[in-house]
Each structure stands twice: as C-alpha cells, then as structure tokens.
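Q: After the structure tokens below, expect a handful of questions from me.
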Amino acid sequence: MLTIEGETFRIAPQPCQQKLGPSAARKNQEKGPCPPNREFFRSHIHGPTAKPDRIIQGLGGLRKKKSKGPDGPRPDQFGFPTTESRELIATMNILFIGDIFGNPGRQAVRKLLPELRRKREIDLVIANCENSAGGKGVTEKIAEDLFAAGCDLLTGGNHIFAQRDSMDFIDGEQRLVRPVNFPPGAPGRGFAVHHSNAGPTVGVINACGRTFMPQHYDDPFRAIDACVKKIREQTPLVFVDFHAETTSEKMAMGWYLDGRVTAVMGTHTHVQTADERLLHHGTAYITDVGMTGPYDSVIGDDKEIILDAILTQRPRRFEVAPPNEVFLCGVVVTASMETGLAEKIERLRIPCS
Ligand SMILES: [Fe+2]
Ligand SMILES: [Fe+2]
C-alpha cells in the first residue's frame, strides 16, 4: 500500500510476487539461483515483464473516470502518468463477445452493445465473428456493421474462410484476425495490435485447437508463443481467443499462457461454461465464452434440420435458427494496464428481447 497526502493506493504486485508468499519467497532465496532447466521453465512461463516506460507509451490516454478530482494526482507535463496517477488509471475493462451467430447474433450486438459499453465502462470490445454470416464465415459488410455497432477487433475460427468472396477483405482488414496456426500462405493475419488515441494499446491472438477439429492445424502453443513475444514489445495487454473443441486442450492452453497474457478466452463450442477464473499467475480464463445468437437451436442452427440430418443420415443444408431465445454471451475482463494481468473476470449472458 502507498499513502499520498492521506490517501491510500494499492500497489499491484508483479507476476512472480503474486505467486510466491513471504515464506515461499524466503525459501526460494535460501535455495539460491534456480538450476538451468527450472530457470528456463520460469522465464518461459512468466515471460519478460515489460518495462514501465514502454507500457506507458502504449497507453492511448488517461481514463477520466478514475480521476480523484482537482486535488488528485495529475499526469506530468507530457501527459504521461506520474507515479501517483498511474495508480488511478491502473485498470481497463475489455469485453469479449462469444461467437456471433447469423442475423440474430448480429442484431443482439447492434441492440445491446452500445448501452453495454456505456453502462459497464468498457474500454475495448473484441468479438468472435466466425459464424456471423449465415452461420459460417464473415463478409466485409457484416464486419463493417459489427465495427459500427461498437466492436474494435474481430476474431475468427475454423469457419472464417467459409464465405469465398471474403478472402481479399480478410487479407486486408487489420482489425480482424484468423487462426495464427493456419498453414503459411493463408490470407489474413493471426494477431493484431489495436492502437487508439482514446484507449490503451491491446494485442489479440486467434488460434485453433487440434483435438477433434476437422482440419490439421499447426501447433497452436508454439504459434501463440511467437505472437506473445511480438505483442509484448508494444503492450502487456494480450488477449487470446483459443478456438477449440475440447475443455482439456483449452484448459491446457490457459495454464501454458498463465502470467504471460491477460486472458485466454475459449470459443467454438457455443455453450457458455461456468468456470471463469483467474489462474495462479493472473491470466483470466474461461473454457467457452458462449454463443451470441439464437438458443432455440442446435448451437445456432435450425434444430429441425439438424435433427432430420441426424435421424435420417441424409445430407441437409444447415440454416440459422429463427430469432428465438437470443442471448449476447460475453466476458468482461478487468486488467492492470501496467502488468497486463487480469484482476477480475465476469461472465455475461444477456437476453435480447
Ligand atoms: Fe463458432
Ligand atoms: Fe468454430
């Protein structure tokens, strides 16, 4: 704790300090330096801690809502946070929206997001758009609509290239990421860094899991490693959309990246899980954020068609379900702008009536 002119401010612990209590830290000191393999493991898991100066340069601006009034700490003459004011602008709220499914999902975003941004004081919105065009893929127009509705960054998944005419658009759109572990030569990019004058700099990575997935993707773990390194040169705030089928692979990714990224958000299975948590080194995690779309369905598609296809084994063309029982599913992560680590994760499931 730090006291300035009678007011007490909390000092955010560094990632390693968060894990080690006083007695563990003492024991560690007594043990002396780690053996090489253990040291490698530590630096690999925690990653380098970005220097404060570099982090501050990445901030887009001060958050007025954290101001303590006219007598409170002020930024310096160049507009950068001072030691005191840094505590006041320490956190930001990032909303991650789960797989937006077809027109019902897009309508939910259009209808609910503007108020959600205002009420929850959201600084940045990341949304998964892999099912936004008729249940599969995304088009340029739909992406523009989602940006206009308040999304800042879009992520993809195994269906991201389903709309054939979207290749050029995906290749050129800097605010959209497709899985980074697609083969070399695939259009688009696997990670992006969002710069804004109005808010902080945030990096986002998209990757597909390999277990029970229809295609043979490259190793997502090593692919993400390389992106985290590049993004952390610009900002400590790193979001990972891990688009995978199994709980175990997603959970493994959460632990693998714990302490190195702000959040690991599971997508693809379209059913929100109730396991949101902060992992031991400060990464926010959830196995599945949930679908934004119609729940009177089979994960977004018309349930009658799906049932017919299963019961008769006849090929059927799947269609987006009617707009019944539509929910916007998402997660709000509150993260430290200095360390990039999460302080809070909250699940949202909002009906769109
Ligand atoms: Fe999906
Ligand atoms: Fe998917």
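Residue numbers start at 1 in each chain; chains themselves are named A, B, ... in the order of the structure tokens; ligands are numbered from 1 in the order shown.
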Counting only C-alpha atoms and all ligand atoms, name the residues that have an atom within 9 Å of an atom of ligand 1; the answer should be given as a compact mmCIF listing (two decimals) with N, CA and C atoms, in the first residue's frame.
A:
# COMPACT_ATOMS: atom_id res chain seq x y z
N GLY A 98 -18.68 -13.73 -27.39
CA GLY A 98 -18.55 -15.07 -27.98
C GLY A 98 -19.21 -15.16 -29.34
N ASP A 99 -18.90 -16.22 -30.06
CA ASP A 99 -19.28 -16.45 -31.47
C ASP A 99 -20.63 -15.83 -31.85
N ILE A 100 -20.57 -14.80 -32.67
CA ILE A 100 -21.80 -14.12 -33.14
C ILE A 100 -22.39 -14.96 -34.27
N PHE A 101 -23.63 -15.44 -34.07
CA PHE A 101 -24.20 -16.41 -35.00
C PHE A 101 -25.32 -15.78 -35.83
N ASN A 128 -15.88 -12.50 -31.51
CA ASN A 128 -15.62 -13.59 -32.46
C ASN A 128 -16.71 -13.56 -33.53
N CYS A 129 -16.28 -13.47 -34.80
CA CYS A 129 -17.23 -13.27 -35.90
C CYS A 129 -17.26 -14.45 -36.87
N GLU A 130 -16.73 -15.61 -36.48
CA GLU A 130 -16.57 -16.70 -37.47
C GLU A 130 -17.90 -17.25 -37.98
N ASN A 131 -19.02 -17.02 -37.24
CA ASN A 131 -20.33 -17.52 -37.68
C ASN A 131 -21.29 -16.39 -38.02
N SER A 132 -20.77 -15.19 -38.20
CA SER A 132 -21.68 -14.03 -38.29
C SER A 132 -22.41 -13.95 -39.64
N GLY A 135 -24.23 -18.10 -40.34
CA GLY A 135 -23.76 -19.23 -39.54
C GLY A 135 -22.35 -19.69 -39.87
N LYS A 136 -21.82 -19.22 -41.01
CA LYS A 136 -20.45 -19.63 -41.37
C LYS A 136 -19.71 -18.48 -42.05
N GLY A 156 -11.57 -14.92 -35.42
CA GLY A 156 -12.19 -15.93 -36.28
C GLY A 156 -12.12 -17.31 -35.67
N GLY A 157 -12.07 -18.29 -36.57
CA GLY A 157 -12.04 -19.69 -36.14
C GLY A 157 -12.00 -20.57 -37.37
N ASN A 158 -12.40 -21.83 -37.21
CA ASN A 158 -12.30 -22.78 -38.32
C ASN A 158 -13.19 -22.40 -39.52
N HIS A 159 -14.26 -21.61 -39.29
CA HIS A 159 -15.16 -21.24 -40.40
C HIS A 159 -14.83 -19.89 -41.03
N HIS A 243 -9.76 -21.15 -30.08
CA HIS A 243 -10.95 -21.70 -30.73
C HIS A 243 -10.78 -23.21 -30.81
N THR A 267 -13.50 -20.37 -27.32
CA THR A 267 -14.65 -20.20 -28.21
C THR A 267 -14.83 -21.49 -29.01
N HIS A 268 -15.84 -21.52 -29.88
CA HIS A 268 -16.11 -22.60 -30.84
C HIS A 268 -17.22 -23.55 -30.41
N THR A 269 -17.34 -23.89 -29.12
CA THR A 269 -18.35 -24.88 -28.74
C THR A 269 -19.73 -24.27 -28.51
N HIS A 270 -19.79 -22.93 -28.44
CA HIS A 270 -21.06 -22.20 -28.45
C HIS A 270 -21.92 -22.37 -27.20
N MET A 291 -22.17 -18.60 -27.13
CA MET A 291 -22.58 -18.06 -28.44
C MET A 291 -23.44 -16.81 -28.24
N ILE A 299 -26.73 -25.34 -31.32
CA ILE A 299 -25.60 -24.40 -31.35
C ILE A 299 -25.72 -23.36 -32.49
N GLY A 300 -26.94 -22.85 -32.67
CA GLY A 300 -27.16 -21.75 -33.61
C GLY A 300 -27.95 -22.14 -34.85
Q: Counting only C-alpha atoms and all ligand atoms, which residue out of A:Ala244, A:Ala133, A:Ala321, A:Met265 sits closest to ligand 2?
A: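 Of A:Ala244, A:Ala133, A:Ala321, A:Met265, the one nearest ligand 2 is A:Ala244, counting only C-alpha atoms and all ligand atoms.
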Q: Give me, please, the distance in Å between atom CA of Ile286 of chain A and atom CA of Arg260 of chain A, quoted to one decimal.
A: 16.0 Å
Q: Which one of A:Gln215, A:Gln234, A:Thr283, A:Thr334 sits closest to ligand 2 if you count only C-alpha atoms and all ligand atoms?
A: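 Result for the nearest residue to ligand 2: A:Gln215.
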Q: For atom CA of Asp296 of chain A and atom CA of Asp152 of chain A, quote the distance in Å rounded to one decimal.
A: 28.6 Å
